[in-house]
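Enquirer: File run34.cif below, mmCIF, C-alpha atoms:
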```
data_upload
#
loop_
_atom_site.label_atom_id
_atom_site.label_comp_id
_atom_site.auth_asym_id
_atom_site.auth_seq_id
_atom_site.Cartn_x
_atom_site.Cartn_y
_atom_site.Cartn_z
CA MET A 1 25.13 126.62 -111.87
CA GLU A 2 28.63 125.69 -113.00
CA THR A 3 31.43 125.03 -110.54
CA PRO A 4 34.87 126.11 -111.75
CA LYS A 5 36.99 123.11 -112.72
CA ALA A 6 39.73 123.65 -110.14
CA LEU A 7 37.20 123.90 -107.32
CA GLU A 8 35.27 120.90 -108.60
CA GLU A 9 38.46 118.83 -108.58
CA ILE A 10 39.08 119.72 -104.94
CA LEU A 11 35.48 118.84 -104.06
CA GLU A 12 35.71 115.51 -105.83
CA THR A 13 38.96 114.67 -104.07
CA LEU A 14 37.38 115.42 -100.71
CA GLU A 15 34.38 113.29 -101.61
CA LEU A 16 36.68 110.33 -102.15
CA LEU A 17 37.32 110.40 -98.41
CA PRO A 18 34.25 109.06 -96.61
CA ASP A 19 36.12 108.69 -93.31
CA PRO A 20 35.74 111.96 -91.34
CA ALA A 21 39.26 111.53 -89.92
CA ASP A 22 40.79 111.30 -93.40
CA ARG A 23 38.77 114.28 -94.54
CA ALA A 24 39.88 116.21 -91.46
CA GLN A 25 43.52 115.49 -92.29
CA MET A 26 43.05 116.75 -95.82
CA LEU A 27 41.29 119.88 -94.61
CA ILE A 28 44.08 120.51 -92.12
CA GLY A 29 46.49 120.11 -95.02
CA PHE A 30 44.69 122.94 -96.79
CA ALA A 31 44.84 125.02 -93.61
CA ASP A 32 48.59 124.43 -93.47
CA GLN A 33 48.91 125.89 -96.97
CA PHE A 34 47.08 129.06 -95.95
CA ARG A 35 48.87 132.24 -97.04
CA ASP A 36 48.08 135.51 -95.37
CA VAL A 37 47.00 138.42 -97.56
CA PRO A 38 50.20 139.99 -98.99
CA PRO A 39 51.10 143.48 -97.75
CA ASP A 40 50.73 144.99 -101.22
CA VAL A 41 47.02 144.10 -101.05
CA ALA A 42 46.24 144.93 -97.41
CA THR A 43 47.97 145.53 -94.09
CA ARG A 44 46.74 145.40 -90.49
CA PRO A 45 44.55 146.85 -89.15
CA PHE A 46 42.30 145.65 -91.95
CA SER A 47 39.32 147.61 -93.11
CA VAL A 48 36.04 146.34 -91.68
CA GLU A 49 34.74 146.63 -95.21
CA HIS A 50 36.66 143.43 -95.95
CA GLN A 51 35.65 141.55 -92.81
CA VAL A 52 33.49 138.48 -93.34
CA PRO A 53 30.18 138.94 -91.50
CA GLN A 54 29.24 136.24 -88.98
CA CYS A 55 32.65 134.56 -89.11
CA GLU A 56 33.85 133.96 -85.55
CA SER A 57 37.39 133.34 -86.84
CA GLU A 58 37.57 137.01 -87.81
CA ALA A 59 38.25 136.35 -91.48
CA TYR A 60 38.82 139.02 -94.12
CA ALA A 61 38.59 138.63 -97.90
CA TRP A 62 39.91 140.59 -100.89
CA ALA A 63 39.56 140.11 -104.65
CA VAL A 64 42.15 141.74 -106.90
CA LEU A 65 41.15 142.26 -110.53
CA GLN A 66 43.96 141.21 -112.87
CA THR A 67 44.70 142.73 -116.29
CA ASP A 68 43.23 139.66 -118.02
CA GLY A 69 39.90 140.28 -116.29
CA THR A 70 40.24 137.44 -113.76
CA LEU A 71 40.25 137.74 -110.00
CA THR A 72 42.86 136.70 -107.45
CA LEU A 73 41.48 136.02 -103.98
CA HIS A 74 43.29 136.80 -100.74
CA PHE A 75 42.31 136.17 -97.13
CA ALA A 76 43.34 136.86 -93.57
CA VAL A 77 42.16 134.78 -90.61
CA GLU A 78 42.90 136.46 -87.30
CA SER A 79 41.70 133.90 -84.77
CA PRO A 80 44.42 131.48 -83.63
CA VAL A 81 41.81 128.70 -83.64
CA GLY A 82 40.50 129.50 -87.13
CA VAL A 83 41.62 126.23 -88.73
CA SER A 84 38.40 125.67 -90.68
CA ALA A 85 38.44 129.24 -91.98
CA LYS A 86 42.04 128.84 -93.14
CA ALA A 87 41.20 125.57 -94.88
CA LEU A 88 38.27 127.15 -96.69
CA ALA A 89 40.29 130.23 -97.61
CA THR A 90 42.94 128.06 -99.22
CA ILE A 91 40.35 126.02 -101.09
CA LEU A 92 38.62 129.14 -102.37
CA ASP A 93 41.93 130.62 -103.44
CA GLN A 94 43.10 127.45 -105.20
CA GLY A 95 39.66 126.73 -106.64
CA LEU A 96 38.56 130.19 -107.72
CA SER A 97 41.53 132.50 -108.22
CA GLY A 98 42.14 132.95 -111.94
CA GLN A 99 38.45 132.81 -112.76
CA LYS A 100 36.34 135.60 -114.20
CA PRO A 101 34.17 137.46 -111.68
CA GLU A 102 31.03 136.15 -113.38
CA MET A 103 32.11 132.57 -112.65
CA ILE A 104 33.06 133.28 -109.04
CA ALA A 105 29.85 135.19 -108.36
CA GLN A 106 27.70 132.17 -109.07
CA VAL A 107 29.42 129.73 -106.68
CA SER A 108 26.89 128.71 -104.07
CA PRO A 109 27.65 129.15 -100.34
CA ASP A 110 26.36 125.60 -99.94
CA VAL A 111 29.74 124.48 -101.24
CA VAL A 112 30.94 124.57 -97.62
CA PHE A 113 28.78 121.55 -96.85
CA ARG A 114 30.43 119.59 -99.68
CA ILE A 115 33.81 120.60 -98.33
CA PHE A 116 33.37 120.00 -94.62
CA ARG A 117 30.52 117.47 -94.40
CA GLN A 118 30.83 115.73 -91.00
CA ASN A 119 33.67 118.03 -90.03
CA ILE A 120 31.49 121.08 -89.96
CA SER A 121 30.62 122.17 -86.46
CA MET A 122 27.36 123.74 -85.41
CA GLY A 123 28.60 127.25 -85.27
CA LYS A 124 31.01 127.08 -88.15
CA GLY A 125 28.59 126.50 -91.00
CA ILE A 126 27.10 129.95 -91.16
CA GLY A 127 30.44 131.69 -90.69
CA LEU A 128 32.04 129.61 -93.44
CA MET A 129 29.12 130.23 -95.75
CA GLY A 130 29.69 133.89 -94.97
CA MET A 131 33.19 133.58 -96.42
CA VAL A 132 31.78 132.31 -99.71
CA GLN A 133 29.16 135.04 -99.69
CA ALA A 134 31.86 137.63 -99.10
CA VAL A 135 33.76 136.30 -102.12
CA GLN A 136 30.54 136.38 -104.16
CA ALA A 137 30.00 140.01 -103.18
CA LEU A 138 33.56 140.94 -104.14
CA ALA A 139 33.11 139.22 -107.50
CA LYS A 140 29.83 141.01 -108.15
CA ARG A 141 31.48 144.30 -107.30
CA ALA A 142 34.28 143.52 -109.77
CA MET A 143 31.68 142.80 -112.46
CA THR A 144 30.49 146.39 -112.26
CA ARG A 145 33.91 147.90 -112.82
CA MET B 1 47.86 139.97 -71.96
CA THR B 2 47.74 140.11 -68.15
CA THR B 3 45.91 137.39 -66.32
CA THR B 4 45.27 137.31 -62.60
CA THR B 5 46.17 134.11 -60.82
CA ILE B 6 43.40 131.66 -60.03
CA GLU B 7 44.32 131.85 -56.34
CA SER B 8 43.83 135.63 -56.30
CA ARG B 9 40.32 135.49 -57.67
CA GLN B 10 38.74 134.25 -54.44
CA TYR B 11 36.73 131.37 -55.83
CA VAL B 12 34.94 129.08 -53.42
CA HIS B 13 36.44 126.01 -55.12
CA PRO B 14 39.57 127.16 -56.95
CA GLU B 15 40.78 123.56 -57.12
CA VAL B 16 38.51 122.88 -60.11
CA LEU B 17 40.58 125.19 -62.27
CA ALA B 18 44.08 124.53 -63.54
CA SER B 19 46.21 127.30 -64.98
CA THR B 20 47.99 126.88 -68.29
CA GLU B 21 51.24 127.11 -66.32
CA TRP B 22 50.19 124.21 -64.09
CA VAL B 23 49.19 122.12 -67.10
CA ALA B 24 52.49 122.88 -68.85
CA ALA B 25 54.35 121.75 -65.73
CA ASN B 26 52.34 118.53 -65.46
CA LEU B 27 52.43 117.25 -69.03
CA GLN B 28 54.58 114.30 -67.97
CA ASN B 29 52.70 113.65 -64.73
CA PRO B 30 51.28 110.11 -65.00
CA SER B 31 48.50 110.88 -62.53
CA VAL B 32 47.22 113.69 -64.76
CA ARG B 33 45.41 113.22 -68.05
CA VAL B 34 44.79 116.25 -70.23
CA ILE B 35 41.65 116.09 -72.36
CA GLU B 36 40.60 118.34 -75.22
CA SER B 37 36.91 118.73 -75.99
CA ASN B 38 35.82 121.10 -78.76
CA GLU B 39 33.00 122.11 -80.95
CA ASP B 40 35.25 122.36 -84.02
CA THR B 41 36.26 118.83 -84.98
CA LEU B 42 39.32 120.06 -86.91
CA LEU B 43 41.04 121.60 -83.93
CA TYR B 44 42.35 118.56 -82.07
CA PRO B 45 43.90 116.91 -85.16
CA SER B 46 45.37 120.26 -86.25
CA GLY B 47 47.37 120.47 -83.01
CA HIS B 48 46.71 119.89 -79.30
CA VAL B 49 48.42 120.12 -75.94
CA PRO B 50 51.14 117.45 -75.95
CA GLY B 51 49.78 114.25 -74.46
CA ALA B 52 46.16 115.39 -74.57
CA MET B 53 43.47 112.91 -75.50
CA HIS B 54 40.41 113.90 -77.50
CA VAL B 55 36.88 113.52 -76.18
CA ASP B 56 34.20 114.32 -78.74
CA TRP B 57 30.95 115.46 -77.14
CA THR B 58 28.75 113.94 -79.83
CA VAL B 59 30.54 110.62 -80.22
CA ASP B 60 31.98 109.99 -76.76
CA LEU B 61 29.53 111.61 -74.35
CA ASN B 62 26.12 111.32 -75.98
CA ASP B 63 24.06 108.17 -76.35
CA GLN B 64 24.09 107.44 -80.07
CA VAL B 65 20.42 106.48 -80.29
CA ARG B 66 18.27 108.37 -77.82
CA ARG B 67 18.72 111.87 -76.42
CA ASP B 68 20.70 111.07 -73.32
CA TYR B 69 24.24 110.60 -72.13
CA ILE B 70 26.35 107.50 -72.12
CA GLY B 71 25.66 104.97 -69.40
CA ARG B 72 28.01 103.35 -66.92
CA GLN B 73 29.50 100.93 -69.42
CA GLY B 74 30.05 103.65 -71.98
CA PHE B 75 31.78 105.85 -69.43
CA GLU B 76 33.98 102.98 -68.28
CA ALA B 77 34.93 102.27 -71.90
CA LEU B 78 35.71 105.95 -72.53
CA MET B 79 37.88 106.32 -69.44
CA SER B 80 39.66 103.05 -70.16
CA ARG B 81 40.37 104.14 -73.73
CA ILE B 82 41.90 107.43 -72.70
CA GLY B 83 43.92 105.78 -69.96
CA VAL B 84 42.12 107.25 -66.98
CA THR B 85 41.60 105.46 -63.67
CA PRO B 86 39.41 106.71 -60.82
CA GLU B 87 42.60 108.11 -59.28
CA THR B 88 43.61 110.11 -62.35
CA THR B 89 43.13 113.87 -62.30
CA VAL B 90 41.62 114.88 -65.62
CA VAL B 91 42.20 118.42 -66.87
CA ILE B 92 39.80 119.38 -69.62
CA TYR B 93 40.19 122.27 -72.05
CA GLY B 94 38.73 123.26 -75.38
CA ASP B 95 37.57 125.91 -77.80
CA LYS B 96 34.89 128.53 -77.37
CA ASN B 97 36.06 129.64 -73.93
CA ASN B 98 35.86 126.13 -72.51
CA TRP B 99 32.19 125.80 -73.22
CA TRP B 100 32.61 122.16 -74.33
CA ALA B 101 35.21 121.49 -71.67
CA CYS B 102 32.65 122.44 -69.02
CA TYR B 103 30.10 120.24 -70.75
CA ALA B 104 32.49 117.27 -70.58
CA PHE B 105 33.32 118.14 -66.97
CA TRP B 106 29.59 118.13 -66.18
CA VAL B 107 29.09 114.69 -67.78
CA PHE B 108 32.06 113.39 -65.81
CA GLN B 109 30.32 114.53 -62.62
CA LEU B 110 27.28 112.42 -63.49
CA PHE B 111 29.62 109.51 -62.86
CA GLY B 112 31.25 111.04 -59.81
CA HIS B 113 34.70 111.61 -61.31
CA THR B 114 35.53 114.47 -58.97
CA LYS B 115 39.24 114.48 -59.74
CA ALA B 116 38.52 116.85 -62.60
CA ARG B 117 39.64 120.35 -63.46
CA VAL B 118 39.11 122.78 -66.30
CA MET B 119 42.13 124.55 -67.78
CA ASP B 120 41.46 128.23 -67.22
CA GLY B 121 41.38 130.09 -70.52
CA GLY B 122 41.16 126.89 -72.54
CA ARG B 123 42.67 126.47 -75.93
CA LEU B 124 42.61 130.18 -76.70
CA LYS B 125 44.88 131.08 -73.79
CA TRP B 126 47.23 128.18 -74.44
CA GLN B 127 47.67 129.32 -78.04
CA LYS B 128 47.93 132.99 -77.21
CA GLU B 129 50.76 132.12 -74.84
CA ASN B 130 52.48 130.32 -77.72
CA ARG B 131 52.65 127.11 -75.75
CA PRO B 132 53.47 123.93 -77.67
CA LEU B 133 50.95 122.06 -79.76
CA THR B 134 51.48 118.71 -81.38
CA ARG B 135 49.72 116.53 -83.91
CA ASP B 136 51.06 113.37 -82.33
CA VAL B 137 48.13 111.42 -80.97
CA PRO B 138 49.24 109.76 -77.76
CA SER B 139 48.29 106.29 -76.70
CA TYR B 140 48.13 105.17 -73.12
CA PRO B 141 47.77 101.70 -71.67
CA VAL B 142 44.13 100.76 -71.41
CA ALA B 143 43.11 101.59 -67.88
CA SER B 144 40.81 99.76 -65.53
CA TYR B 145 37.89 101.98 -64.62
CA LYS B 146 34.91 100.81 -62.61
CA ALA B 147 32.29 103.55 -62.62
CA PRO B 148 29.15 103.80 -60.52
CA GLU B 149 25.80 103.96 -62.27
CA ARG B 150 25.19 107.43 -63.63
CA HIS B 151 23.68 109.60 -60.90
CA ASP B 152 21.84 112.50 -62.51
CA THR B 153 19.96 113.91 -59.56
CA PRO B 154 22.50 116.34 -58.10
CA HIS B 155 23.50 117.86 -61.43
CA ARG B 156 20.71 117.42 -63.92
CA ALA B 157 17.11 118.70 -64.10
CA PHE B 158 14.35 117.21 -66.24
CA ARG B 159 11.35 118.94 -67.77
CA ASP B 160 8.74 117.80 -65.23
CA GLU B 161 11.01 118.93 -62.44
CA VAL B 162 11.49 122.28 -64.14
CA LEU B 163 7.74 122.67 -64.57
CA ALA B 164 7.10 121.98 -60.89
CA TYR B 165 10.06 124.11 -59.96
CA LEU B 166 8.89 127.21 -61.84
CA LYS B 167 5.42 126.88 -60.33
CA ALA B 168 7.10 126.94 -56.93
CA GLY B 169 8.97 130.10 -57.89
CA GLY B 170 12.39 128.47 -58.20
CA GLN B 171 15.41 130.31 -59.51
CA LEU B 172 16.09 129.78 -63.21
CA VAL B 173 18.92 131.19 -65.31
CA ASP B 174 18.59 131.43 -69.06
CA VAL B 175 22.15 131.63 -70.41
CA ARG B 176 21.29 132.09 -74.08
CA SER B 177 21.71 135.30 -76.04
CA PRO B 178 19.31 138.18 -75.32
CA GLU B 179 17.69 137.60 -78.72
CA GLU B 180 16.94 133.98 -77.89
CA TYR B 181 15.67 134.95 -74.43
CA SER B 182 13.29 137.51 -75.87
CA GLY B 183 12.02 135.11 -78.50
CA ALA B 184 13.28 137.29 -81.35
CA ARG B 185 15.26 134.27 -82.54
CA MET B 186 15.18 130.57 -81.72
CA HIS B 187 18.86 129.83 -82.12
CA MET B 188 22.19 131.36 -81.29
CA PRO B 189 23.40 134.23 -83.44
CA ASP B 190 25.39 132.67 -86.29
CA TYR B 191 23.99 129.19 -85.63
CA PRO B 192 21.32 127.31 -87.54
CA ASN B 193 17.87 126.86 -86.08
CA GLU B 194 17.77 123.44 -84.53
CA GLY B 195 14.11 122.93 -84.31
CA ALA B 196 12.34 124.87 -81.55
CA LEU B 197 8.79 125.68 -82.56
CA ARG B 198 8.32 128.51 -80.09
CA GLY B 199 10.62 131.30 -78.99
CA GLY B 200 10.94 132.98 -75.63
CA HIS B 201 12.03 131.79 -72.21
CA ILE B 202 10.81 129.82 -69.22
CA PRO B 203 8.72 132.20 -67.09
CA GLY B 204 10.70 133.84 -64.34
CA ALA B 205 14.09 132.89 -65.74
CA LYS B 206 16.80 135.50 -65.36
CA SER B 207 18.76 136.32 -68.50
CA VAL B 208 22.52 136.01 -68.03
CA PRO B 209 24.30 135.06 -71.27
CA TRP B 210 26.93 132.44 -70.44
CA ALA B 211 29.89 134.38 -71.87
CA ARG B 212 29.48 137.12 -69.27
CA ALA B 213 31.45 134.84 -66.94
CA ILE B 214 34.49 135.06 -69.20
CA ASN B 215 37.22 137.57 -69.95
CA PRO B 216 37.00 137.58 -73.75
CA ASP B 217 40.65 138.45 -74.35
CA ASP B 218 42.06 135.27 -72.88
CA GLY B 219 39.04 133.09 -72.09
CA THR B 220 39.73 133.02 -68.35
CA PHE B 221 36.93 133.17 -65.82
CA LYS B 222 36.17 136.50 -64.20
CA THR B 223 36.98 136.96 -60.53
CA ALA B 224 34.57 135.79 -57.86
CA GLU B 225 33.79 139.41 -57.07
CA GLU B 226 32.91 140.12 -60.70
CA LEU B 227 30.84 136.95 -60.97
CA ARG B 228 29.04 137.73 -57.72
CA GLN B 229 28.17 141.15 -59.08
CA ILE B 230 26.63 139.61 -62.18
CA TYR B 231 24.71 136.72 -60.66
CA VAL B 232 24.04 137.71 -57.06
CA GLU B 233 23.94 141.50 -56.99
CA ASP B 234 22.50 142.29 -60.41
CA GLN B 235 20.24 139.26 -60.86
CA LYS B 236 19.44 138.66 -57.19
CA LEU B 237 20.15 134.95 -57.36
CA ASP B 238 20.40 133.46 -53.88
CA PRO B 239 23.41 131.11 -53.59
CA THR B 240 21.77 129.23 -50.74
CA LYS B 241 18.73 128.24 -52.80
CA ASP B 242 18.35 125.85 -55.72
CA VAL B 243 19.19 127.15 -59.19
CA ILE B 244 18.53 125.57 -62.57
CA ALA B 245 20.42 126.79 -65.65
CA TYR B 246 19.40 126.11 -69.21
CA CYS B 247 20.26 127.13 -72.76
CA ARG B 248 19.46 125.41 -76.05
CA ILE B 249 20.74 121.86 -75.57
CA GLY B 250 22.50 122.10 -72.22
CA GLU B 251 26.02 122.93 -73.38
CA ARG B 252 26.27 126.66 -72.70
CA SER B 253 24.39 126.14 -69.43
CA SER B 254 26.98 123.60 -68.26
CA HIS B 255 29.45 126.50 -68.41
CA THR B 256 27.22 128.61 -66.16
CA TRP B 257 26.56 125.55 -63.95
CA PHE B 258 30.33 125.31 -63.48
CA ALA B 259 30.71 128.99 -62.61
CA LEU B 260 27.82 129.05 -60.15
CA LYS B 261 28.54 125.73 -58.46
CA TYR B 262 32.30 125.84 -58.13
CA LEU B 263 33.47 129.40 -58.56
CA LEU B 264 30.69 131.05 -56.56
CA GLY B 265 29.79 128.07 -54.39
CA PHE B 266 26.05 128.03 -55.02
CA LEU B 267 24.80 125.13 -52.93
CA ASN B 268 22.57 123.33 -55.42
CA VAL B 269 22.88 124.04 -59.14
CA ARG B 270 21.46 121.80 -61.82
CA ASN B 271 21.66 121.91 -65.58
CA TYR B 272 18.42 121.45 -67.52
CA ASP B 273 19.99 119.84 -70.57
CA GLY B 274 16.66 119.38 -72.34
CA SER B 275 16.78 123.18 -72.49
CA TRP B 276 15.06 125.20 -75.16
CA THR B 277 15.06 122.51 -77.84
CA GLU B 278 12.80 120.58 -75.46
CA TRP B 279 10.87 123.38 -73.76
CA GLY B 280 10.24 125.29 -76.97
CA ASN B 281 8.62 122.23 -78.48
CA LEU B 282 6.52 121.05 -75.52
CA VAL B 283 2.76 121.38 -75.79
CA ARG B 284 1.09 123.77 -73.36
CA VAL B 285 4.06 124.60 -71.18
CA PRO B 286 4.21 128.25 -70.11
CA ILE B 287 6.49 130.56 -72.07
CA GLU B 288 7.29 134.21 -71.60
CA LYS B 289 8.54 136.58 -74.27
#
```
Take the structure I supplied and represent it as structure tokens, if you would.

Expert:
Amino acid sequence: METPKALEEILETLELLPDPADRAQMLIGFADQFRDVPPDVATRPFSVEHQVPQCESEAYAWAVLQTDGTLTLHFAVESPVGVSAKALATILDQGLSGQKPEMIAQVSPDVVFRIFRQNISMGKGIGLMGMVQAVQALAKRAMTR
Amino acid sequence: MTTTTIESRQYVHPEVLASTEWVAANLQNPSVRVIESNEDTLLYPSGHVPGAMHVDWTVDLNDQVRRDYIGRQGFEALMSRIGVTPETTVVIYGDKNNWWACYAFWVFQLFGHTKARVMDGGRLKWQKENRPLTRDVPSYPVASYKAPERHDTPHRAFRDEVLAYLKAGGQLVDVRSPEEYSGARMHMPDYPNEGALRGGHIPGAKSVPWARAINPDDGTFKTAEELRQIYVEDQKLDPTKDVIAYCRIGERSSHTWFALKYLLGFLNVRNYDGSWTEWGNLVRVPIEK
């Protein structure tokens, strides 16, 4: 299973930080870069069809198929305490947008454990994996178009 | 968002709650120390109440080797590090409707630090009110704190006590989700299974999921009348008799312990922190589904 180069570079950078506090700072940096889904893609109230199951941060995901056959990912995170979800959304956007659906569809949800490691909390893991699964599902849907 | 005042809710011990307004007005009060305690480790460094110190339940409150809590020396070191003396009023808040704040509050009571309050509504309410957050980590002069030896008896129940207690028909409250209570699942919805071999509940335990005590919109506690309806009227729990609450590892049940003991004034409430990860693995203990 191949990890797209941009995502792999982010993962490797995070893995250079064994100290959980340093890793937390980097993850918060990603959360700070979070960009809400643009209004030309979706506006509130969002369709439940795009809501990430099991994500307590009330995250939503979209994948827009570009003319070159690649996907651009967009997210919304509605909970004011959804810092981890925003960090992951940014990483998925930076690491996967611009890739073909076939490539995105084969990214494993386990990637969240490489990203968060010690900074994953008990309840967050499944919700964050749900975000990756939601992106996988969007990519698979795009493959059928 | 409209929130009733703590004073209007008719709690038996309203002094254990602090409103967000009170906390905001006491950020510079040297006799008050605000503490954040969360499940999500990214939250405190991403922004916290100005002046708040961080207490991590896994690192700061739990023994790092065996399944137990820190001892006297560990508690003294923690309080000294966060600049708390026995005279300091600590106000604890956190994520998940103060679930971990109540857990920290409960551990503090094992050492008799009664000058403790929980910020009503927790982090959610503070943020929804657009109150300030900062990433500046404060430092306070190391304080001198002499703690007594940890005294578990009034607040904590152990498995043999629970076994004897259920045989005597004691009141038990299972605060987990209905699916965990019924045995349909052995972990919280959306959480990984953390190792219980059997599902179900302790025989005779009443099922009252912990979050029923909370107004979900702002994380504040329900009024005493609403809480009394849930625990006393609907579940027939007698406030004058002993009650033991449990969940999976004792964190959610510390939230219910707080509500029963302080908000409703139940006379003797203990938290069985061994909870289902212990009971569901014990050989030959009774289980109901």

Enquirer: Counting all atoms listed in the file, which of A:Lys140, A:His74, A:Arg114, A:Arg145 gets nearest to Phe34 (chain A)?

Expert: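 Looking at the shortest contact to Phe34 (chain A), the residue is A:His74.
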
Enquirer: Please evaluate the PyMOL selection byres ((chain B and resi 67) around 12) against the structure above and give the resulting residues as number ranges by chain.

Expert: B: 58, 61-66, 68-70, 249-250, 273-274, 277-278

Enquirer: Give me, as an MDAnalysis selection string, the contact residues of chain A against chain B at a cut-off of 12 Å, counting all atoms listed in the file.

Expert: chainID A and resid 20:32 53:57 78:87 116:130

Enquirer: Run through the PyMOL selection byres ((chain A and resi 90-95) around 9) on the given coordinates and return the selected residues as an NGL selection string.

Expert: :A and (4-10 or 27 or 30-35 or 72-75 or 85-89 or 96-99 or 115 or 132 or 135)

Enquirer: Put those residues in a file: C-alpha atoms, as an mmCIF file, in the coordinates of the input.

Expert:
```cif
data_model
loop_
_atom_site.group_PDB
_atom_site.id
_atom_site.type_symbol
_atom_site.label_atom_id
_atom_site.label_comp_id
_atom_site.auth_asym_id
_atom_site.auth_seq_id
_atom_site.Cartn_x
_atom_site.Cartn_y
_atom_site.Cartn_z
ATOM 1 C CA PRO A 4 34.870 126.110 -111.750
ATOM 2 C CA LYS A 5 36.990 123.110 -112.720
ATOM 3 C CA ALA A 6 39.730 123.650 -110.140
ATOM 4 C CA LEU A 7 37.200 123.900 -107.320
ATOM 5 C CA GLU A 8 35.270 120.900 -108.600
ATOM 6 C CA GLU A 9 38.460 118.830 -108.580
ATOM 7 C CA ILE A 10 39.080 119.720 -104.940
ATOM 8 C CA LEU A 27 41.290 119.880 -94.610
ATOM 9 C CA PHE A 30 44.690 122.940 -96.790
ATOM 10 C CA ALA A 31 44.840 125.020 -93.610
ATOM 11 C CA ASP A 32 48.590 124.430 -93.470
ATOM 12 C CA GLN A 33 48.910 125.890 -96.970
ATOM 13 C CA PHE A 34 47.080 129.060 -95.950
ATOM 14 C CA ARG A 35 48.870 132.240 -97.040
ATOM 15 C CA THR A 72 42.860 136.700 -107.450
ATOM 16 C CA LEU A 73 41.480 136.020 -103.980
ATOM 17 C CA HIS A 74 43.290 136.800 -100.740
ATOM 18 C CA PHE A 75 42.310 136.170 -97.130
ATOM 19 C CA ALA A 85 38.440 129.240 -91.980
ATOM 20 C CA LYS A 86 42.040 128.840 -93.140
ATOM 21 C CA ALA A 87 41.200 125.570 -94.880
ATOM 22 C CA LEU A 88 38.270 127.150 -96.690
ATOM 23 C CA ALA A 89 40.290 130.230 -97.610
ATOM 24 C CA LEU A 96 38.560 130.190 -107.720
ATOM 25 C CA SER A 97 41.530 132.500 -108.220
ATOM 26 C CA GLY A 98 42.140 132.950 -111.940
ATOM 27 C CA GLN A 99 38.450 132.810 -112.760
ATOM 28 C CA ILE A 115 33.810 120.600 -98.330
ATOM 29 C CA VAL A 132 31.780 132.310 -99.710
ATOM 30 C CA VAL A 135 33.760 136.300 -102.120
#
```

Enquirer: Kindly provide, as a CSV table (one decimal) with C-alpha atoms, in the frame of the given file, the polymer residues lying within 9 Å of (17.5, 119.8, -66.8), counting all atoms listed in the file and using the coordinates exactly as they appear in the file.

Expert:
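Output contents, as saved in out_15.csv:
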```csv
chain,number,residue,atom,x,y,z
B,155,HIS,CA,23.5,117.9,-61.4
B,156,ARG,CA,20.7,117.4,-63.9
B,157,ALA,CA,17.1,118.7,-64.1
B,158,PHE,CA,14.4,117.2,-66.2
B,159,ARG,CA,11.4,118.9,-67.8
B,161,GLU,CA,11.0,118.9,-62.4
B,162,VAL,CA,11.5,122.3,-64.1
B,244,ILE,CA,18.5,125.6,-62.6
B,245,ALA,CA,20.4,126.8,-65.6
B,246,TYR,CA,19.4,126.1,-69.2
B,250,GLY,CA,22.5,122.1,-72.2
B,270,ARG,CA,21.5,121.8,-61.8
B,271,ASN,CA,21.7,121.9,-65.6
B,272,TYR,CA,18.4,121.4,-67.5
B,273,ASP,CA,20.0,119.8,-70.6
B,274,GLY,CA,16.7,119.4,-72.3
B,275,SER,CA,16.8,123.2,-72.5
```
